[in-house]
Every structure is written in C-alpha cells, then in structure tokens.
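To start, the structure itself, in structure tokens.
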Amino acid sequence: MGGGGGVLAALASVLVLALAGLAGWFLLQRHSAAIQQTNLGAAAARKSRAVVIAGRMGAGKTALWCHLRFPETSATQAVPRTQTSMAVNASEARVAGARVHLVDVPGHQKYRADRDAQLAAASAVVFVVDSVDAARDVRPAAEALYDVLASGGLQDRECPVLVLCNKQDDSRAASNERVRAALEAEIDTLRASRQQALDSLGAAAHDDADRASDFLGFEGKAFSFEDLATPVQFNEASMALGRSAGGLEMVEQWIADALQ
Ligand SMILES: Nc1nc2c(ncn2[C@@H]2O[C@H](COP(=O)(O)OP(=O)(O)OP(=O)(O)O)[C@@H](O)[C@H]2O)c(=O)[nH]1
Ligand SMILES: [Mg+2]
C-alpha cells in the first residue's frame, strides 16, 4: 500500500515538473516573439529612411519639401508657390548625399490618421512652426507638437526630431529661443490639462487613455524637451530666403546625420 502511494507521489511530481517545463517553454516562445516584433518595428522604421515633415497648416511644410526635393531650382528661386495640401506628398530624394523617402503631411486635422501612419514609419521628423503665428499664440503649435511627439512610437524608437522655426524673414517672427521656451511652457500646461481630463474619466479609462496619449516627460517635474527619449533640436529657417540664408543647408545636414 505504502509502495503504491510512493509510486503515485513520484508520478505526480513528474507530471508537475513536465507541466512547469511546458509552461516555461510556452512563455519563453511568447517573449522572444514579442522581442522579435519590437525589433522588426524599429528595423522597418530605420530601413524606411522616411523623413516626415509635420506641423500645422500654413507652417511651410510643402515649401520645405520642394526645397529639399528640387535643390537645383530652389538655389535660385525664393519661397516655392504652394497651396494648402490635400494629400500626403511623398518622393524619393537625395539630401546631402543621403537617400531619403521625403514625406510631407498636410496640416489639416482631417489628415491626422495619415500623419500618425507616416510617423509610425519615420526615421526622422521635421516639425515646421510658423514663427509669426507662434509669436501671437503658441498653443495650436504646442498641441500639434505634443501629438506628434506622443505618436507613432517616436519615443520608443528615440526618433530624432528637428523643430524648424520658419518664416524668420518676417520681422514679426519669434526667435528660435522664444519659440522653444513658449512651446515648453505650453506643453507643460497641456500635459496637466490632459492628465486632469484622464483622471476625471476614472481609473479604468485612465489606463487605456494614458497609454494612448503617452505621458511626455516626468511626472512632478516641469516639461522639458531634454527629458524626452527623442533628441529634439531647434533651428531657425526661412523658405523665402533661399538655401544658405534660409537655413536649408543646416536642415539637409541634420537629415543626413539623423539617418546615419
Ligand atoms: N514669408 C514666408 N512665407 C513662407 C515661408 N514658408 C512658407 N511660406 C508661405 O506660407 C504659406 C504656406 O506654406 P506651405 O508650404 O504651403 O504650408 P504647409 O505647411 O504645407 O501647409 P498645409 O499644406 O496647409 O498643411 C505659403 O503661402 C508660403 O509661400 C517663409 O519662410 N517665409
Ligand atoms: Mg502643404
């Protein structure tokens, strides 16, 4: 009787060990599949060599796209004649010797989903700001920049971002430093109000919405671009002043460096 009990106990422990082994193997498979998927996402974004030009309506995105895409004509021409974009503008181009896929996304709200889809595959992002508008009211630009920085897994991929303070040929334009400081302060306010809105939705909704909006920076600390995973650089530019005076050569070099 005692011997039978021993055999049963031995069988039971073998069974438990086998089940534990099987569970461990299963978890390991899932984990490595997840790692593979993350790497594939990052690799796809790198391989795309996509440079996405984002920003609000009228900031100068299409003007920048034209300068980068057609450097030989932009050398002599002033600000390219453009109209509000009604579709994503994409083309292969050579920028400072680097082969890039240059994407200009319309600023209108109805192209939000297109913008986010393009950002998900971006290797670098140029965010164009109308510095004349920003001198008057920076809030709309801050909202757009917040959405861009929190979208498309940019933070996870540490995708470099260049904020281009455009229209510096206009005497009313705010400087690089002023735009940066104003955006930083406004994003701090926005972050607080978005967080408050999430809190009022309750704990369950909070989790999902929180993940979707990707809290930027550190809680309990004023927002700073320095705290982001994405390196954010600010520069002045003018699509009206031509290649060197307008800062285009600097933009080209930044793009080539970002894709290395
Ligand atoms: N003065 C001045 N005007 C500019 C500059 N860059 C663009 N513009 C003008 O600003 C207007 C808008 O430029 P676009 O390049 O079409 O703006 P966009 O960002 O593509 O706008 P959407 O397509 O509506 O999202 C045009 O009239 C341009 O000529 C600049 O550096 N200085
Ligand atoms: Mg446009």
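How things are named: the first chain in the structure tokens is A, the next is B, and so on; residues count from 1 in each chain; ligands count from 1 in the order shown.
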Per residue of chain A within 10 Å of ligand 2, record the nearest atom pair and its distance in Å to one decimal, counting only C-alpha atoms and all ligand atoms, with rows in chain order and ascending residue number, as JSON lines.
{"residue": "A:Ile53", "atom": "CA", "partner": "ligand 2", "partner_atom_place_in_ligand_line": "1 (Mg)", "distance": 9.6}
{"residue": "A:Ala54", "atom": "CA", "partner": "ligand 2", "partner_atom_place_in_ligand_line": "1 (Mg)", "distance": 9.4}
{"residue": "A:Gly55", "atom": "CA", "partner": "ligand 2", "partner_atom_place_in_ligand_line": "1 (Mg)", "distance": 9.4}
{"residue": "A:Arg56", "atom": "CA", "partner": "ligand 2", "partner_atom_place_in_ligand_line": "1 (Mg)", "distance": 9.2}
{"residue": "A:Met57", "atom": "CA", "partner": "ligand 2", "partner_atom_place_in_ligand_line": "1 (Mg)", "distance": 7.0}
{"residue": "A:Gly58", "atom": "CA", "partner": "ligand 2", "partner_atom_place_in_ligand_line": "1 (Mg)", "distance": 6.9}
{"residue": "A:Ala59", "atom": "CA", "partner": "ligand 2", "partner_atom_place_in_ligand_line": "1 (Mg)", "distance": 8.2}
{"residue": "A:Gly60", "atom": "CA", "partner": "ligand 2", "partner_atom_place_in_ligand_line": "1 (Mg)", "distance": 6.8}
{"residue": "A:Lys61", "atom": "CA", "partner": "ligand 2", "partner_atom_place_in_ligand_line": "1 (Mg)", "distance": 5.4}
{"residue": "A:Thr62", "atom": "CA", "partner": "ligand 2", "partner_atom_place_in_ligand_line": "1 (Mg)", "distance": 4.1}
{"residue": "A:Ala63", "atom": "CA", "partner": "ligand 2", "partner_atom_place_in_ligand_line": "1 (Mg)", "distance": 7.3}
{"residue": "A:Leu64", "atom": "CA", "partner": "ligand 2", "partner_atom_place_in_ligand_line": "1 (Mg)", "distance": 9.2}
{"residue": "A:Trp65", "atom": "CA", "partner": "ligand 2", "partner_atom_place_in_ligand_line": "1 (Mg)", "distance": 8.6}
{"residue": "A:Cys66", "atom": "CA", "partner": "ligand 2", "partner_atom_place_in_ligand_line": "1 (Mg)", "distance": 10.0}
{"residue": "A:Thr82", "atom": "CA", "partner": "ligand 2", "partner_atom_place_in_ligand_line": "1 (Mg)", "distance": 6.9}
{"residue": "A:Gln83", "atom": "CA", "partner": "ligand 2", "partner_atom_place_in_ligand_line": "1 (Mg)", "distance": 6.4}
{"residue": "A:Thr84", "atom": "CA", "partner": "ligand 2", "partner_atom_place_in_ligand_line": "1 (Mg)", "distance": 5.0}
{"residue": "A:Ser85", "atom": "CA", "partner": "ligand 2", "partner_atom_place_in_ligand_line": "1 (Mg)", "distance": 4.0}
{"residue": "A:Met86", "atom": "CA", "partner": "ligand 2", "partner_atom_place_in_ligand_line": "1 (Mg)", "distance": 7.6}
{"residue": "A:Ala87", "atom": "CA", "partner": "ligand 2", "partner_atom_place_in_ligand_line": "1 (Mg)", "distance": 8.4}
{"residue": "A:Val88", "atom": "CA", "partner": "ligand 2", "partner_atom_place_in_ligand_line": "1 (Mg)", "distance": 8.5}
{"residue": "A:Asn89", "atom": "CA", "partner": "ligand 2", "partner_atom_place_in_ligand_line": "1 (Mg)", "distance": 8.2}
{"residue": "A:Asp104", "atom": "CA", "partner": "ligand 2", "partner_atom_place_in_ligand_line": "1 (Mg)", "distance": 6.9}
{"residue": "A:Val105", "atom": "CA", "partner": "ligand 2", "partner_atom_place_in_ligand_line": "1 (Mg)", "distance": 7.0}
{"residue": "A:Pro106", "atom": "CA", "partner": "ligand 2", "partner_atom_place_in_ligand_line": "1 (Mg)", "distance": 5.2}
{"residue": "A:Gly107", "atom": "CA", "partner": "ligand 2", "partner_atom_place_in_ligand_line": "1 (Mg)", "distance": 7.0}
{"residue": "A:His108", "atom": "CA", "partner": "ligand 2", "partner_atom_place_in_ligand_line": "1 (Mg)", "distance": 9.2}
inquiry  = Excluding Thr73 in chain A and its own-chain neighbours fewer than 6 positions away, which residues fall within 12 Å of it when counting only C-alpha atoms? Please give them as number ranges by chain.
reply    = A: 66-67, 79-80, 242-243
Generate a file of the selected residues that holds N, CA and C atoms, formatted as a tab-separated table (two decimals), in the first residue's frame.
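Listing of selection_15.tsv after writing:
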chain	number	residue	atom	x	y	z
A	66	CYS	N	9.59	71.10	-51.20
A	66	CYS	CA	10.02	71.49	-52.56
A	66	CYS	C	11.51	71.85	-52.55
A	67	HIS	N	11.95	72.61	-51.56
A	67	HIS	CA	13.37	72.99	-51.48
A	67	HIS	C	14.26	71.75	-51.38
A	79	VAL	N	10.64	81.60	-52.06
A	79	VAL	CA	9.71	80.63	-51.47
A	79	VAL	C	8.84	79.98	-52.55
A	80	PRO	N	8.83	78.64	-52.59
A	80	PRO	CA	8.05	77.97	-53.63
A	80	PRO	C	6.56	78.32	-53.50
A	242	GLY	N	15.96	81.47	-49.40
A	242	GLY	CA	16.83	80.63	-50.22
A	242	GLY	C	17.69	79.69	-49.40
A	243	ARG	N	18.58	78.95	-50.09
A	243	ARG	CA	19.25	77.81	-49.47
A	243	ARG	C	20.14	78.15	-48.27
Any idea what's packed within 10 Å of Glu186 in chain A, counting only C-alpha atoms, ignoring anything in its chain fewer than 5 positions away? Could you give it as a compact mmCIF listing (two decimals) with N, CA and C atoms, in the first residue's frame?
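Output contents, as saved in out-v7.txt:
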# COMPACT_ATOMS: atom_id res chain seq x y z
N VAL A 138 1.08 80.50 -29.23
CA VAL A 138 1.86 79.28 -29.48
C VAL A 138 1.03 78.01 -29.24
N ARG A 139 -0.15 78.17 -28.65
CA ARG A 139 -0.92 77.00 -28.22
C ARG A 139 -1.22 75.99 -29.35
N PRO A 140 -1.71 76.45 -30.52
CA PRO A 140 -2.00 75.47 -31.58
C PRO A 140 -0.75 74.67 -32.00
N ALA A 141 0.38 75.35 -32.08
CA ALA A 141 1.61 74.64 -32.46
C ALA A 141 2.01 73.66 -31.36
N ALA A 142 1.82 74.07 -30.10
CA ALA A 142 2.17 73.19 -28.97
C ALA A 142 1.29 71.93 -28.99
N GLU A 143 0.00 72.11 -29.29
CA GLU A 143 -0.90 70.95 -29.36
C GLU A 143 -0.46 69.99 -30.46
N TYR A 146 2.82 68.28 -29.44
CA TYR A 146 2.53 67.28 -28.40
C TYR A 146 2.05 65.99 -29.06
N ARG A 180 11.04 77.98 -28.54
CA ARG A 180 11.34 76.80 -27.71
C ARG A 180 10.78 76.97 -26.30
N ALA A 181 11.08 78.14 -25.68
CA ALA A 181 10.62 78.37 -24.31
C ALA A 181 9.09 78.39 -24.25
N ARG A 191 -0.13 69.21 -20.86
CA ARG A 191 0.07 67.91 -20.24
C ARG A 191 -0.76 67.82 -18.96
N ALA A 192 -0.76 68.91 -18.19
CA ALA A 192 -1.53 68.93 -16.95
C ALA A 192 -3.03 68.84 -17.24
N PHE A 223 7.68 70.29 -17.74
CA PHE A 223 8.05 69.65 -19.00
C PHE A 223 9.31 70.30 -19.58
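Once Ser224 in chain A and its same-chain neighbours fewer than 4 positions away are set aside, Arg180, Ala181, Ala182, Leu183, Glu184, Ala185, Glu186, Ile187, Asp188, Thr189, Arg191, Leu216, Gly217, Phe218, Glu219, Gly220, Leu228, Ala229, Thr230, Pro231 and Val232 of chain A remain within 12 Å of it when counting only C-alpha atoms.
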Keeping N, CA and C atoms, export the residues of the selection given above as a compact mmCIF listing (two decimals), in the first residue's frame.
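That gives us out17.txt:
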# COMPACT_ATOMS: atom_id res chain seq x y z
N ARG A 180 11.04 77.98 -28.54
CA ARG A 180 11.34 76.80 -27.71
C ARG A 180 10.78 76.97 -26.30
N ALA A 181 11.08 78.14 -25.68
CA ALA A 181 10.62 78.37 -24.31
C ALA A 181 9.09 78.39 -24.25
N ALA A 182 8.46 79.04 -25.23
CA ALA A 182 7.00 79.14 -25.23
C ALA A 182 6.37 77.75 -25.42
N LEU A 183 6.95 76.94 -26.31
CA LEU A 183 6.42 75.59 -26.55
C LEU A 183 6.55 74.73 -25.29
N GLU A 184 7.71 74.88 -24.63
CA GLU A 184 7.96 74.08 -23.44
C GLU A 184 6.91 74.41 -22.36
N ALA A 185 6.67 75.71 -22.15
CA ALA A 185 5.71 76.13 -21.13
C ALA A 185 4.29 75.68 -21.50
N GLU A 186 3.96 75.79 -22.79
CA GLU A 186 2.60 75.45 -23.22
C GLU A 186 2.37 73.94 -23.16
N ILE A 187 3.38 73.16 -23.52
CA ILE A 187 3.23 71.69 -23.43
C ILE A 187 3.06 71.27 -21.98
N ASP A 188 3.74 71.98 -21.08
CA ASP A 188 3.59 71.69 -19.64
C ASP A 188 2.14 71.89 -19.22
N THR A 189 1.53 73.00 -19.66
CA THR A 189 0.13 73.29 -19.32
C THR A 189 -0.80 72.25 -19.95
N ARG A 191 -0.13 69.21 -20.86
CA ARG A 191 0.07 67.91 -20.24
C ARG A 191 -0.76 67.82 -18.96
N LEU A 216 4.32 62.67 -21.67
CA LEU A 216 5.63 63.16 -22.11
C LEU A 216 6.41 63.72 -20.91
N GLY A 217 7.64 63.29 -20.78
CA GLY A 217 8.50 63.80 -19.70
C GLY A 217 8.24 63.08 -18.38
N PHE A 218 8.59 63.76 -17.29
CA PHE A 218 8.47 63.14 -15.96
C PHE A 218 7.35 63.77 -15.16
N GLU A 219 6.57 62.90 -14.49
CA GLU A 219 5.50 63.42 -13.62
C GLU A 219 6.13 64.15 -12.45
N GLY A 220 5.51 65.27 -12.05
CA GLY A 220 6.00 66.03 -10.90
C GLY A 220 7.17 66.95 -11.26
N LEU A 228 12.89 64.05 -22.91
CA LEU A 228 12.30 63.09 -23.85
C LEU A 228 13.35 62.09 -24.34
N ALA A 229 12.86 60.91 -24.75
CA ALA A 229 13.77 59.90 -25.32
C ALA A 229 14.23 60.34 -26.71
N THR A 230 13.36 61.07 -27.41
CA THR A 230 13.71 61.55 -28.75
C THR A 230 14.61 62.77 -28.62
N PRO A 231 15.76 62.79 -29.30
CA PRO A 231 16.54 64.04 -29.27
C PRO A 231 15.79 65.12 -30.05
N VAL A 232 15.53 66.29 -29.41
CA VAL A 232 14.79 67.37 -30.08
C VAL A 232 15.72 68.55 -30.27
query = Where does DSSP see helix (DSSP H, G or I) in range 25-189 of chain A, if you list the residues as an MDAnalysis selection string?
reply = chainID A and resid 25:48 61:69 71:74 109:120 131:136 139:149 154:157 176:189
Surrounding residues of Gln118 in chain A excluding itself and chain neighbours under 5 positions, 9 Å, only C-alpha atoms, as a list of chain:residue names = A:Ala50, A:Val52, A:Val103, A:Val105, A:Ala113, A:Gly152
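Of the listed residues A:Ser123, A:Gln260, A:Gln253, A:Ser193, the one whose atoms come nearest to Val95 in chain A is A:Gln253, with distances taken using only C-alpha atoms.
Take the candidates A:Glu158, A:Gln196, A:Val179, A:Ala256 and check each one against Ala93 in chain A using only C-alpha atoms; the shortest distance goes to A:Ala256.
Considering the residues A:Ala237, A:His101, A:Pro71, A:Ala90 and counting only C-alpha atoms, Arg49 in chain A has its shortest atom-to-atom contact with A:His101.
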